[in-house]
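Visitor: Structure in structure tokens, see below.
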Amino acid sequence: MLTLWGNVLASGILMGLVYGIIALGLTIIFGVIRIVNFAHGAMVVFGLYVGYCAGAWWGIPTIVAAVGAGALLFVFGYGLETLVVKRFVTRPHHIQFILFIGISLVLSGAQLIAFGPDPRPSVSHLSFETIAVGPIRLDLARLQAATVAAVMILALAGFLKYSTFGRFIRAAADNRLGGLMVGLPIPKIYATTFGIGAACAGGAGALISPLFDAQPFLAVDFTLLAFVTVIVGGLGSFVGALVGGLTIGLTEAFAALLFAPSLKSALSYGLLMIVLIVRPRGFFGAKET
Amino acid sequence: MTSLKGPLINRRVAMKGAVGLAAATMAPWVRAAAPPPVKVGAIMPSSGILAFPGQSCVRGIDLGAKFARERYGVDMTVVHADTQSKPENGRIAADSLIQQGCNVLIGAWDSGATISALQAAEAAKIPMVVHIASANQVTSQGFTQVFRFYPPAATIVRQSLAEMKALVTSVNDPPKGAVVLHLSNTMGTSTATSLDAAWKELDLPVKLLEYIPYDEKARDLSVEVAKAKASGADALVSVTRVNDAIMIIRECIKQAWNPKLIFSPNGNGVPDKAFYDALGKYADGAMSSNLWYNPKGEDARTIVDRFQSTYANEWLDANSGCAFEAVQIVADAVVRARSAVSSEICAALKATDLKPILMYSGPIKFDATGQNTGAAVTVLQAKESKPHVVGPDAIAEYKARYPLVPFEKR
Amino acid sequence: MQKKRDALPDRGAVLGCLAAFAVLAMLGGVLNPYLISLLTIVFLFTFIGQSWSIMLGLGGQLSIGHALFVGIGAYSVAVLNIRYGLSPWFGLVVGMALAATIGATLAWLSFRFEVRGIYFALLTIAAAEFSRVVFSGWEFVGGMQGLFFPAQSGPNSFWMLRGDARFYYFVSLAAVLLGVSATALIRLSFLGYVWRAMRDDEDASRALGVRTFLHKILVVSFSGAWAAIGGGLLALVQGSVFPDSIMGMGISVDILVGPIVGGLGTAFGPLIGTLITLPLDHLASAIGNKFGIPGLNNVGYGLALIAAVWLLPDGIWPAIVNSAKSITRLSWFGNLQMEQVKK
Amino acid sequence: MPNEPLLTVQSLTVGYGGSTALDSVSISIYPEELLSVVGANGAGKTSLIRSIAGVVRPLDGEIRWRGVDIAGFPPWEICELGIAQVPEGRELFRNLSVEENLLIGGSLKRARARRSGNIQQVYGLFPRLLERRLQAAGTLSGGEQQMLAIGRAIMAEPELIMFDEPSIGLSPSLTRAMFDIVKMLHAKKTTILLVEQNVADSLSIGDRGYVLENGHVVLEGTGAALLTNKEVRRAYLGL
Amino acid sequence: MTDLLELDGVSRRFGGLLAVDNVSFRLKGEGITALVGPNGAGKTTCFNLIAGALPPTQGSIRFGGEIISGFPAEDICRLGIGRTFQVVRPMRDMTVLENVMIGAFSWTRKVSEARDAAREALDMVGLGPKAEAGISRLTLPDRKMLETAKALSTRPRLLLLDEVMAGLRPPEAAAVVAVLRRLAERGLSILLVEHVMRIVMEAAEHVIVLHHGAKIAEGTPRYIVSHPEVVAGYLGEAFRA
């Protein structure tokens, strides 16, 4: 019994970190540009396909694929912001929503045309391996994803904290007008931020490819998952993404253990509603300006 | 363009009734010695969340039409319509096909779109062969134009459990307890409900320990599998789609749980290519019961080979198989009716008594509600990256392997 | 005399509107069944879209989870009709009441705790998804297996709201007419003025005595009740209800595309927008099927949506009105329908 | 006074959504000058500064910097030319530390190389900022925030600093201190554009001044002349 | 007789800033009172406290003898305090008349009644001829008067006007003063935030001076301009002489 609980706890934590990394990109983009990227899920699926291709076609390890997917999506995100999203930054939410639904549809459609509707499992030995720590088994793919998630979050936090451009990004997130007044290159900052957000989504997608099979229409699920995570943690906050991920991961794990597993997602949505109502900025959310 | 004229007039008859006389005088004129050209409308969810089975069905329909042209000499044109996996589009798709002059419809995979499409078929009096859609209501809501090849969920489960019983009673060291892991979606819940009844009715010698339903959108089944393992069961009965079937096996491996038997009544996984792509050697030994092609059927080999040469990267699975068979049912009816008039095809469909061409099934006959009474399941077992038929005995390619080789010893 | 004319929409507008609907009604008699079923769905989505459009376009509250209300309406009709054999009219009334209550509760909770803007929108998604999952697991309402209406047979029955395709065409057309009139009337009533004021500037309207807290609850609740009617009709037309489709994100997204593309908060915008986008979606789908490239429809439709919000930020209808105004003296179009949300 | 103006604003018109904030305003600033622009709320002072800085796009008119028309240039290019501002409301990066605010101010290409030295200079000027260098800018008091805003502008090594109502919300003693700093910067030969409501103080330290009313320049002259102008006294005190 | 408005030790703090510092004053039933002070003196915050846009941190506000501090803005409006905003805030896609009708909806739900009341209010401020115009066609003085008409249409007993004359040219301002006089003669009490002393001198009967959030002087306009602290606070040290 204790083993079961221990395993559930471990699995909840690992899964929570994975959720955290899936949600990271969404939170970065919101934090700086103040737009909600509803095409986030489609970008995660993009990454999943990169992971699939890397694993199944070229036999590239997942971590390398994740870096590749991150790079690819950075370029994609940077371009998308410069060409399209830029024009919508000051537009009302519902217009942005339609824009991202459009982008999401284009991505999903392209994925459907390119790969067909069949689930594409990444072929990786990681999918089957665990390491035992005492009586507790840790899933290797999840462990890898969770570790990379932690490293990535630390790296990003470091970049934002200590690099000049990272400081620019934080400044732009803090006060856009003030940034303009001291001569920050706001378009470049926004495009880069969107690129980073997209890269996180893509990298996360590739990283979790040993866990999830790629399918074009998973986009909505991943978008919703990222929302739940990010809102519980606090839109726009880094630590929030992690804490949100852990909260959801653990809630789901213990809900599955103690209640009906099929009500897992009802519980996380319920939690989301409560958090939204009681603490709309989440645990670590930035103040609305 | 008689092919267009016939159905057009016929539809008017259905709608207005007043021109009936004209149609009656027209009908003999349309009838010719060879089966007349017929237009078949196929309603499938080719895009959207159900695109995976939907596109598989489209392949079955296309191949089936080619085959029917050669076998029956029917001049058959297929028109496809996509429901985008939305129920409300079932009717629009059906009406669009009827508008394009289709004399008979096939579709629509999911029960929602099927019911919606059936309303259009009912209004226009165009017969519709339902190749797949498992809700009881498809044939129980009083539609007169429905002909369902696919058995209702309860029938499938009952037959599946009968096969399972045959298996566990014939082996040396039968499993003692079973745990049921099932999807909480339409298919999963109805299967689980029937499972419970059938289990008792058939008095399976394996004890049912626990039901563990899980969310369709589950992203992680580790806790569910951990729970299943903790229940002490040595047989895993699962009702899954492909993704979760893969997830469950992965979890079993990771959690070092080696049930002696993994069996999915009416479940996906074992029949699907993705299952083997993802699991490789770990796929072997898992079993499922499905509607499947009869490997010992006369034409099965040729059809499978043709499918393989046409669609090199795809498998002929239950979806394409049922779609294929549905086309044959239509072709057979057209030949017997010697007419492309929908009402006459409908009458011929009612009188269907067809030896299945591809699928394993009893003689295909439709009862008063339009339900195929001959439908039957096969038991499949994964072996060397392919599903193989291991039951019923009459068509088995080999005897089922039992128990499962523990994952770590592979 | 002068006053009375002011209080009502321009006679020209009323006549123009009636003429448009007369044409649509006549089309109902002559169009082929395919167009009939397509337009029926267009009308239903228009009607639901109008409810959404009132909430954002007049009330300023963005909902991305309107499927919640649609689903409530659909299930009320389905459960009462299928389980208890009651007329769908009861279901519609019950659905309205339920949706209004749920909407009011949700709004009360949100605005009480100062959840606003995008956070409120996200809350509506959460509420919709939450109820979808709950309905999926609720045996009484059919769970994931859904509920099915019996096949339609016999003559059309207005009382039981059952009939053939044309019957539903006229029912949904009537609903749209109701929606257009309701939108126009609300805009000209006390509520319309107050809601628009509240949407444009909450603090300024509070200073003018507008009880914004109350009105925000009212508009959400009202819009919810309206959407529930649409949901009930949609359930009847498609003949079944499943939590995944009727309460899923798909519906929430589908209904808001029309109003945004057509023109938010206007009486005709949702109709024009849905009349363009929905058939476009089907056309794209047909083309994709023709070339054997499913997925092409998603790409095409997605690009069309991006183009729409890019090129016509206020929607098609205001663009038409503006160009019409610059050519002729069609001022009544403007008075009745011109509306833009600026933020 | 040198003959060539550093910055010339020529018939500048700025408007927002149908209303006009500046209507054909022309002013010029000469190198090393301290120019005061005074006017009541809504006279268009902030619009003037923001359009020079490129944050607001003018509807019409020219803004010439050393003879080059920079109207329509993006703000970051304008900052790079050596035009900095101490904005109304300070517009600091509230969640960033004092030092980070200064670093950002000094990250323009024109000053980046000398950034660390400049920071020390700012700390020398405002020892209070040194004490609080790791504190978030949002937690500073009003006066300290104003110091930080000035320090941030100095970090860009600007040739022209524009002050937008530096005395707002400050106590009389802090206001005096603020004007001392302006005077000190002026003494260091930085060109200064000072926009104020505080008529007397700003005109008394300014070399020249303009009076802005409702988007128009209504008076211009030397600071001392304006200060004694009957019109100004009447308009601002009813004396 | 109770005073119409009574502020008693009212303070408001924003973080570290004490925007309004222990302010007390009373308004009698009618006439024009001006609230003056330099920028950032807390005049607008004071208005916001009275009108309920913000709750005071300390102290109480009474209107007609009843405590209203802490009430929401809409309730205070309905009790009879109308206010304008310093930055004009018209509802952009409504006509002038429709904008003013919103205020009337605080006491009626009949569109026709609201329309009549709005017309009346517009006539009162001289905007009658422009009733059907769109907002974008209004000049700045028109917009200021529109704000006043909106507040008037709520049928207030006390009118709070926040810099309605800022940015107006002298003749325009004079016209506005005339309007205010007329309103005051009808028995309305007006509290005016104003920057330009010249106008205050012309219009107000009573002046309250705020500086750094605190009241530093109160009295007739004549008395106020001769008050040394006022001159210092307003125009700077240089003017003291």
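As shown in the structure tokens, the chain order sets the letters A, B, ...; within each chain, residues go from 1, and ligands are also counted from 1 in the order they appear.
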Could you pull out the strand (DSSP E or B) residues of segment 23-137 of chain B from DSSP and send them as a PyMOL selection string?
Guide: chain B and resi 38-44+76-82+104-107+128-130
Visitor: List every residue of segment 8-215 of chain D that DSSP, applied to the backbone, labels as alpha helix (DSSP H), and write the result as an MDAnalysis selection string.
Guide: chainID D and resid 45:53 75:81 98:105 109:112 115:125 127:131 142:154 172:187 199:205
Visitor: What's around segment 112-128 of chain B at 8 Å? Count only C-alpha atoms, leave out sequence neighbours fewer than 4 positions away in its own chain, and write the answer as a JSON list (two decimals) with N, CA, C and O atoms, in the first residue's frame.
Guide:
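Result file follows (result-v2.json):
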[["chain", "number", "residue", "atom", "x", "y", "z"],
["B", 11, "ARG", "N", -36.64, 10.90, -55.76],
["B", 11, "ARG", "CA", -36.65, 11.72, -54.56],
["B", 11, "ARG", "C", -37.91, 12.56, -54.48],
["B", 11, "ARG", "O", -38.50, 12.77, -53.44],
["B", 14, "ALA", "N", -40.60, 10.62, -53.14],
["B", 14, "ALA", "CA", -40.49, 10.50, -51.68],
["B", 14, "ALA", "C", -40.99, 11.76, -51.01],
["B", 14, "ALA", "O", -41.61, 11.71, -49.96],
["B", 15, "MET", "N", -40.72, 12.86, -51.63],
["B", 15, "MET", "CA", -41.08, 14.10, -50.97],
["B", 15, "MET", "C", -42.51, 14.50, -51.19],
["B", 15, "MET", "O", -43.18, 14.96, -50.30],
["B", 83, "THR", "N", -17.71, 14.63, -42.36],
["B", 83, "THR", "CA", -18.51, 15.23, -41.29],
["B", 83, "THR", "C", -17.64, 16.09, -40.37],
["B", 83, "THR", "O", -18.16, 16.72, -39.46],
["B", 85, "SER", "N", -16.03, 15.20, -38.06],
["B", 85, "SER", "CA", -16.23, 14.64, -36.71],
["B", 85, "SER", "C", -17.25, 15.42, -35.89],
["B", 85, "SER", "O", -17.21, 15.39, -34.67],
["B", 86, "LYS", "N", -18.16, 16.15, -36.56],
["B", 86, "LYS", "CA", -19.19, 16.86, -35.82],
["B", 86, "LYS", "C", -20.55, 16.25, -36.13],
["B", 86, "LYS", "O", -20.91, 16.13, -37.30],
["B", 87, "PRO", "N", -21.30, 15.89, -35.09],
["B", 87, "PRO", "CA", -22.58, 15.21, -35.34],
["B", 87, "PRO", "C", -23.52, 16.02, -36.22],
["B", 87, "PRO", "O", -24.20, 15.46, -37.08],
["B", 88, "GLU", "N", -23.58, 17.35, -36.00],
["B", 88, "GLU", "CA", -24.57, 18.11, -36.75],
["B", 88, "GLU", "C", -24.29, 18.09, -38.24],
["B", 88, "GLU", "O", -25.16, 18.38, -39.05],
["B", 89, "ASN", "N", -23.06, 17.73, -38.62],
["B", 89, "ASN", "CA", -22.74, 17.69, -40.04],
["B", 89, "ASN", "C", -23.17, 16.40, -40.72],
["B", 89, "ASN", "O", -23.12, 16.30, -41.93],
["B", 90, "GLY", "N", -23.60, 15.41, -39.93],
["B", 90, "GLY", "CA", -24.03, 14.15, -40.52],
["B", 90, "GLY", "C", -25.16, 14.38, -41.51],
["B", 90, "GLY", "O", -25.15, 13.90, -42.64],
["B", 91, "ARG", "N", -26.12, 15.16, -41.08],
["B", 91, "ARG", "CA", -27.27, 15.39, -41.93],
["B", 91, "ARG", "C", -26.91, 16.23, -43.15],
["B", 91, "ARG", "O", -27.37, 15.95, -44.26],
["B", 92, "ILE", "N", -26.08, 17.23, -42.94],
["B", 92, "ILE", "CA", -25.69, 18.07, -44.08],
["B", 92, "ILE", "C", -24.94, 17.22, -45.10],
["B", 92, "ILE", "O", -25.20, 17.31, -46.30],
["B", 93, "ALA", "N", -24.04, 16.38, -44.61],
["B", 93, "ALA", "CA", -23.28, 15.52, -45.52],
["B", 93, "ALA", "C", -24.23, 14.60, -46.28],
["B", 93, "ALA", "O", -24.12, 14.45, -47.50],
["B", 94, "ALA", "N", -25.19, 14.00, -45.56],
["B", 94, "ALA", "CA", -26.12, 13.08, -46.20],
["B", 94, "ALA", "C", -26.94, 13.81, -47.25],
["B", 94, "ALA", "O", -27.09, 13.35, -48.39],
["B", 95, "ASP", "N", -27.46, 14.97, -46.89],
["B", 95, "ASP", "CA", -28.27, 15.71, -47.84],
["B", 95, "ASP", "C", -27.46, 16.14, -49.05],
["B", 95, "ASP", "O", -27.96, 16.15, -50.17],
["B", 98, "ILE", "N", -27.15, 13.10, -51.20],
["B", 98, "ILE", "CA", -28.43, 12.80, -51.85],
["B", 98, "ILE", "C", -28.64, 13.80, -53.00],
["B", 98, "ILE", "O", -29.07, 13.45, -54.09],
["B", 103, "ASN", "N", -27.72, 7.08, -54.67],
["B", 103, "ASN", "CA", -28.88, 6.23, -54.52],
["B", 103, "ASN", "C", -28.87, 5.50, -53.19],
["B", 103, "ASN", "O", -29.88, 4.99, -52.74],
["B", 104, "VAL", "N", -27.68, 5.44, -52.61],
["B", 104, "VAL", "CA", -27.56, 4.72, -51.35],
["B", 104, "VAL", "C", -26.37, 5.30, -50.60],
["B", 104, "VAL", "O", -25.44, 5.81, -51.21],
["B", 105, "LEU", "N", -26.51, 5.27, -49.26],
["B", 105, "LEU", "CA", -25.45, 5.89, -48.45],
["B", 105, "LEU", "C", -24.74, 4.84, -47.60],
["B", 105, "LEU", "O", -25.32, 3.81, -47.26],
["B", 106, "ILE", "N", -23.50, 5.11, -47.28],
["B", 106, "ILE", "CA", -22.76, 4.29, -46.31],
["B", 106, "ILE", "C", -22.15, 5.25, -45.28],
["B", 106, "ILE", "O", -21.68, 6.32, -45.64],
["B", 107, "GLY", "N", -22.18, 4.88, -44.04],
["B", 107, "GLY", "CA", -21.55, 5.74, -43.03],
["B", 107, "GLY", "C", -22.02, 5.37, -41.64],
["B", 107, "GLY", "O", -22.68, 4.37, -41.47],
["B", 108, "ALA", "N", -21.79, 6.15, -40.66],
["B", 108, "ALA", "CA", -20.95, 7.32, -40.63],
["B", 108, "ALA", "C", -19.95, 7.21, -39.50],
["B", 108, "ALA", "O", -19.46, 8.21, -39.02],
["B", 133, "ALA", "N", -20.96, 1.86, -36.21],
["B", 133, "ALA", "CA", -21.63, 2.76, -35.26],
["B", 133, "ALA", "C", -22.29, 1.81, -34.30],
["B", 133, "ALA", "O", -23.12, 1.00, -34.68],
["B", 138, "VAL", "N", -29.10, 3.26, -32.95],
["B", 138, "VAL", "CA", -29.05, 3.40, -34.41],
["B", 138, "VAL", "C", -30.16, 2.55, -35.04],
["B", 138, "VAL", "O", -30.82, 2.96, -36.00],
["B", 143, "PHE", "N", -35.89, 4.05, -37.40],
["B", 143, "PHE", "CA", -35.53, 4.41, -38.77],
["B", 143, "PHE", "C", -35.83, 3.23, -39.70],
["B", 143, "PHE", "O", -35.56, 2.08, -39.38],
["B", 144, "THR", "N", -36.39, 3.55, -40.88],
["B", 144, "THR", "CA", -36.76, 2.47, -41.80],
["B", 144, "THR", "C", -35.72, 2.24, -42.88],
["B", 144, "THR", "O", -35.79, 1.28, -43.62],
["B", 145, "GLN", "N", -34.76, 3.17, -42.98],
["B", 145, "GLN", "CA", -33.81, 3.06, -44.08],
["B", 145, "GLN", "C", -32.44, 2.59, -43.61],
["B", 145, "GLN", "O", -31.48, 2.65, -44.34],
["B", 146, "VAL", "N", -32.38, 2.14, -42.37],
["B", 146, "VAL", "CA", -31.07, 1.78, -41.83],
["B", 146, "VAL", "C", -30.78, 0.29, -41.98],
["B", 146, "VAL", "O", -31.65, -0.55, -41.77],
["B", 147, "PHE", "N", -29.55, -0.01, -42.38],
["B", 147, "PHE", "CA", -29.08, -1.39, -42.45],
["B", 147, "PHE", "C", -27.70, -1.40, -41.83],
["B", 147, "PHE", "O", -26.76, -0.85, -42.40],
["B", 342, "SER", "N", -33.67, 3.99, -55.33],
["B", 342, "SER", "CA", -33.39, 3.79, -53.91],
["B", 342, "SER", "C", -34.39, 2.85, -53.24],
["B", 342, "SER", "O", -34.01, 1.97, -52.47],
["B", 343, "SER", "N", -35.67, 3.01, -53.55],
["B", 343, "SER", "CA", -36.66, 2.19, -52.87],
["B", 343, "SER", "C", -36.44, 0.72, -53.22],
["B", 343, "SER", "O", -36.63, -0.17, -52.39],
["B", 345, "ILE", "N", -33.53, -0.61, -54.11],
["B", 345, "ILE", "CA", -32.31, -1.06, -53.43],
["B", 345, "ILE", "C", -32.65, -1.37, -51.98],
["B", 345, "ILE", "O", -32.21, -2.36, -51.41],
["B", 346, "CYS", "N", -33.49, -0.53, -51.42],
["B", 346, "CYS", "CA", -33.89, -0.72, -50.03],
["B", 346, "CYS", "C", -34.58, -2.06, -49.86],
["B", 346, "CYS", "O", -34.28, -2.84, -48.95],
["C", 148, "PHE", "N", -30.54, 9.85, -27.52],
["C", 148, "PHE", "CA", -30.99, 9.87, -28.91],
["C", 148, "PHE", "C", -32.49, 10.13, -28.98],
["C", 148, "PHE", "O", -33.27, 9.54, -28.23],
["C", 151, "ALA", "N", -36.61, 8.43, -34.28],
["C", 151, "ALA", "CA", -36.69, 8.90, -35.66],
["C", 151, "ALA", "C", -37.99, 9.65, -35.87],
["C", 151, "ALA", "O", -39.03, 9.30, -35.29],
["C", 152, "GLN", "N", -37.95, 10.67, -36.67],
["C", 152, "GLN", "CA", -39.15, 11.46, -36.95],
["C", 152, "GLN", "C", -40.04, 10.67, -37.90],
["C", 152, "GLN", "O", -39.62, 10.19, -38.93],
["C", 164, "ASP", "N", -39.87, 17.51, -40.38],
["C", 164, "ASP", "CA", -38.86, 17.21, -41.39],
["C", 164, "ASP", "C", -37.87, 18.37, -41.49],
["C", 164, "ASP", "O", -37.92, 19.33, -40.73],
["C", 165, "ALA", "N", -37.00, 18.28, -42.48],
["C", 165, "ALA", "CA", -35.93, 19.27, -42.61],
["C", 165, "ALA", "C", -36.49, 20.67, -42.79],
["C", 165, "ALA", "O", -36.02, 21.63, -42.19],
["C", 237, "VAL", "N", -32.43, 19.02, -33.91],
["C", 237, "VAL", "CA", -32.08, 18.91, -35.33],
["C", 237, "VAL", "C", -31.10, 17.78, -35.56],
["C", 237, "VAL", "O", -31.25, 17.00, -36.49],
["C", 238, "GLN", "N", -30.10, 17.66, -34.70],
["C", 238, "GLN", "CA", -29.14, 16.58, -34.97],
["C", 238, "GLN", "C", -29.58, 15.24, -34.42],
["C", 238, "GLN", "O", -28.99, 14.22, -34.74],
["C", 239, "GLY", "N", -30.63, 15.25, -33.61],
["C", 239, "GLY", "CA", -31.24, 13.98, -33.23],
["C", 239, "GLY", "C", -30.54, 13.26, -32.09],
["C", 239, "GLY", "O", -30.96, 12.18, -31.70],
["C", 240, "SER", "N", -29.47, 13.83, -31.57],
["C", 240, "SER", "CA", -28.78, 13.18, -30.46],
["C", 240, "SER", "C", -27.99, 14.24, -29.71],
["C", 240, "SER", "O", -27.73, 15.32, -30.24],
["C", 241, "VAL", "N", -27.64, 13.94, -28.48],
["C", 241, "VAL", "CA", -26.71, 14.81, -27.76],
["C", 241, "VAL", "C", -25.60, 13.99, -27.13],
["C", 241, "VAL", "O", -25.85, 12.93, -26.56],
["C", 242, "PHE", "N", -24.39, 14.45, -27.28],
["C", 242, "PHE", "CA", -23.24, 13.86, -26.63],
["C", 242, "PHE", "C", -22.50, 14.98, -25.92],
["C", 242, "PHE", "O", -22.36, 16.06, -26.49]]
Visitor: Could you give me, as an NGL selection string, the residues within 9 Å of Asp75 of chain E, counting only C-alpha atoms and dropping anything in the same chain fewer than 4 positions from it?
Guide: (:C and (206-207 or 209-211)) or (:E and (52 or 68 or 71 or 79-80))
Visitor: What is the distance, in Å and to one decimal place, between atom CA of Ile248 of chain B and atom CA of Val141 of chain C?
Guide: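 Pair atom CA of Ile248 of chain B / atom CA of Val141 of chain C returns 29.2 Å.
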Visitor: Quick one: distance from atom CA of Leu311 of chain C to atom CA of Asn297 of chain C in Å, one decimal?
Guide: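 A separation of 20.6 Å between them.
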Visitor: Write out as a list in words the residues lying within 7 Å of segment 188-204 of chain B, counting only C-alpha atoms and excluding same-chain residues fewer than 2 positions away.
Guide: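 Counting only C-alpha atoms, the residues come to Ala153, Ala154, Val157, Arg158, Leu161, Ala162, Lys165, His182, Leu183, Ser184, Asn185, Thr186, Val206 and Val239 of chain B.
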Visitor: Selection from above, N, CA, C and O atoms, as a CSV table (one decimal), in the first residue's frame, can you write it?
Guide:
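File written: again05.csv
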chain,number,residue,atom,x,y,z
B,153,ALA,N,-23.0,-3.0,-29.4
B,153,ALA,CA,-21.9,-3.2,-28.4
B,153,ALA,C,-22.1,-4.5,-27.6
B,153,ALA,O,-21.2,-5.3,-27.4
B,154,ALA,N,-23.4,-4.7,-27.1
B,154,ALA,CA,-23.6,-5.8,-26.3
B,154,ALA,C,-23.3,-7.2,-27.0
B,154,ALA,O,-22.8,-8.1,-26.3
B,157,VAL,N,-19.6,-7.8,-27.1
B,157,VAL,CA,-19.0,-8.1,-25.8
B,157,VAL,C,-19.4,-9.6,-25.5
B,157,VAL,O,-18.5,-10.3,-25.0
B,158,ARG,N,-20.6,-9.9,-25.7
B,158,ARG,CA,-21.0,-11.3,-25.4
B,158,ARG,C,-20.2,-12.3,-26.2
B,158,ARG,O,-19.7,-13.3,-25.6
B,161,LEU,N,-16.6,-12.4,-24.9
B,161,LEU,CA,-16.4,-13.1,-23.6
B,161,LEU,C,-16.6,-14.6,-23.8
B,161,LEU,O,-15.9,-15.4,-23.1
B,162,ALA,N,-17.4,-15.0,-24.7
B,162,ALA,CA,-17.6,-16.4,-25.0
B,162,ALA,C,-16.2,-17.0,-25.5
B,162,ALA,O,-15.8,-18.0,-25.1
B,165,LYS,N,-13.8,-17.2,-22.7
B,165,LYS,CA,-14.1,-18.3,-21.8
B,165,LYS,C,-13.5,-19.6,-22.5
B,165,LYS,O,-12.9,-20.4,-21.8
B,182,HIS,N,-11.0,0.5,-18.5
B,182,HIS,CA,-11.8,0.9,-19.7
B,182,HIS,C,-11.9,2.4,-19.8
B,182,HIS,O,-11.9,3.1,-18.8
B,183,LEU,N,-12.0,2.8,-21.1
B,183,LEU,CA,-12.3,4.2,-21.4
B,183,LEU,C,-13.6,4.6,-20.8
B,183,LEU,O,-14.6,3.8,-20.8
B,184,SER,N,-13.8,5.8,-20.5
B,184,SER,CA,-15.1,6.3,-20.0
B,184,SER,C,-15.8,7.0,-21.1
B,184,SER,O,-16.7,7.8,-20.9
B,185,ASN,N,-15.5,6.7,-22.4
B,185,ASN,CA,-16.2,7.4,-23.4
B,185,ASN,C,-17.4,6.5,-23.9
B,185,ASN,O,-17.7,5.4,-23.3
B,186,THR,N,-18.1,6.9,-24.9
B,186,THR,CA,-19.2,6.1,-25.4
B,186,THR,C,-19.0,4.6,-25.6
B,186,THR,O,-19.6,3.8,-25.0
B,206,VAL,N,-13.1,-16.7,-14.2
B,206,VAL,CA,-12.2,-15.8,-13.7
B,206,VAL,C,-12.9,-14.7,-12.9
B,206,VAL,O,-14.0,-14.3,-13.2
B,239,VAL,N,-10.5,-1.9,-22.4
B,239,VAL,CA,-11.3,-1.4,-23.5
B,239,VAL,C,-10.7,-0.1,-23.8
B,239,VAL,O,-10.7,0.9,-23.1
Visitor: Out of E:Val10, E:Leu27, E:Leu140, E:Val164, which residue has the shortest atom-to-atom distance to Thr20 of chain D when counting only C-alpha atoms?
Guide: E:Leu140
Visitor: Kindly provide the residues of chain C that approach chain A to within 7 Å, each paired with its closest atom pair and their distance in Å to one decimal, based on only C-alpha atoms, listed by chain and increasing number, as CSV.
Guide:
residue,atom,partner,partner_atom,distance
C:Leu109,CA,A:Ile277,CA,6.6
C:Ser110,CA,A:Ile277,CA,5.7
C:Phe113,CA,A:Ile277,CA,6.1
C:Val115,CA,A:Pro280,CA,6.1
C:Ile118,CA,A:His93,CA,6.8
C:Tyr119,CA,A:Pro280,CA,6.7
C:Leu123,CA,A:Met273,CA,6.1
C:Ala126,CA,A:Tyr269,CA,5.6
C:Ala127,CA,A:Met273,CA,6.8
C:Glu129,CA,A:Tyr269,CA,6.9
C:Phe130,CA,A:Ala266,CA,5.1
C:Val133,CA,A:Ala266,CA,5.4
C:Val134,CA,A:Ala266,CA,6.5
C:Ile293,CA,A:Ile113,CA,6.4
C:Pro294,CA,A:Ile113,CA,6.7
C:Gly295,CA,A:Gly109,CA,4.2
C:Leu296,CA,A:Gly109,CA,6.1
C:Asn298,CA,A:Gly109,CA,4.8
C:Val299,CA,A:Val106,CA,4.0
C:Gly302,CA,A:Gly102,CA,3.9
C:Leu303,CA,A:Gly102,CA,6.1
C:Leu305,CA,A:Gly102,CA,5.4
C:Ile306,CA,A:Leu99,CA,5.2
C:Val309,CA,A:Ile95,CA,6.4
C:Lys343,CA,A:Pro92,CA,6.1
Visitor: If you count only C-alpha atoms, which residues fall within 9 Å of Ser53 of chain C, apart from same-chain ones fewer than 3 positions away, as a PyMOL selection string?
Guide: chain C and resi 48-50+56-59+223+256+259-260+263-266+269-270
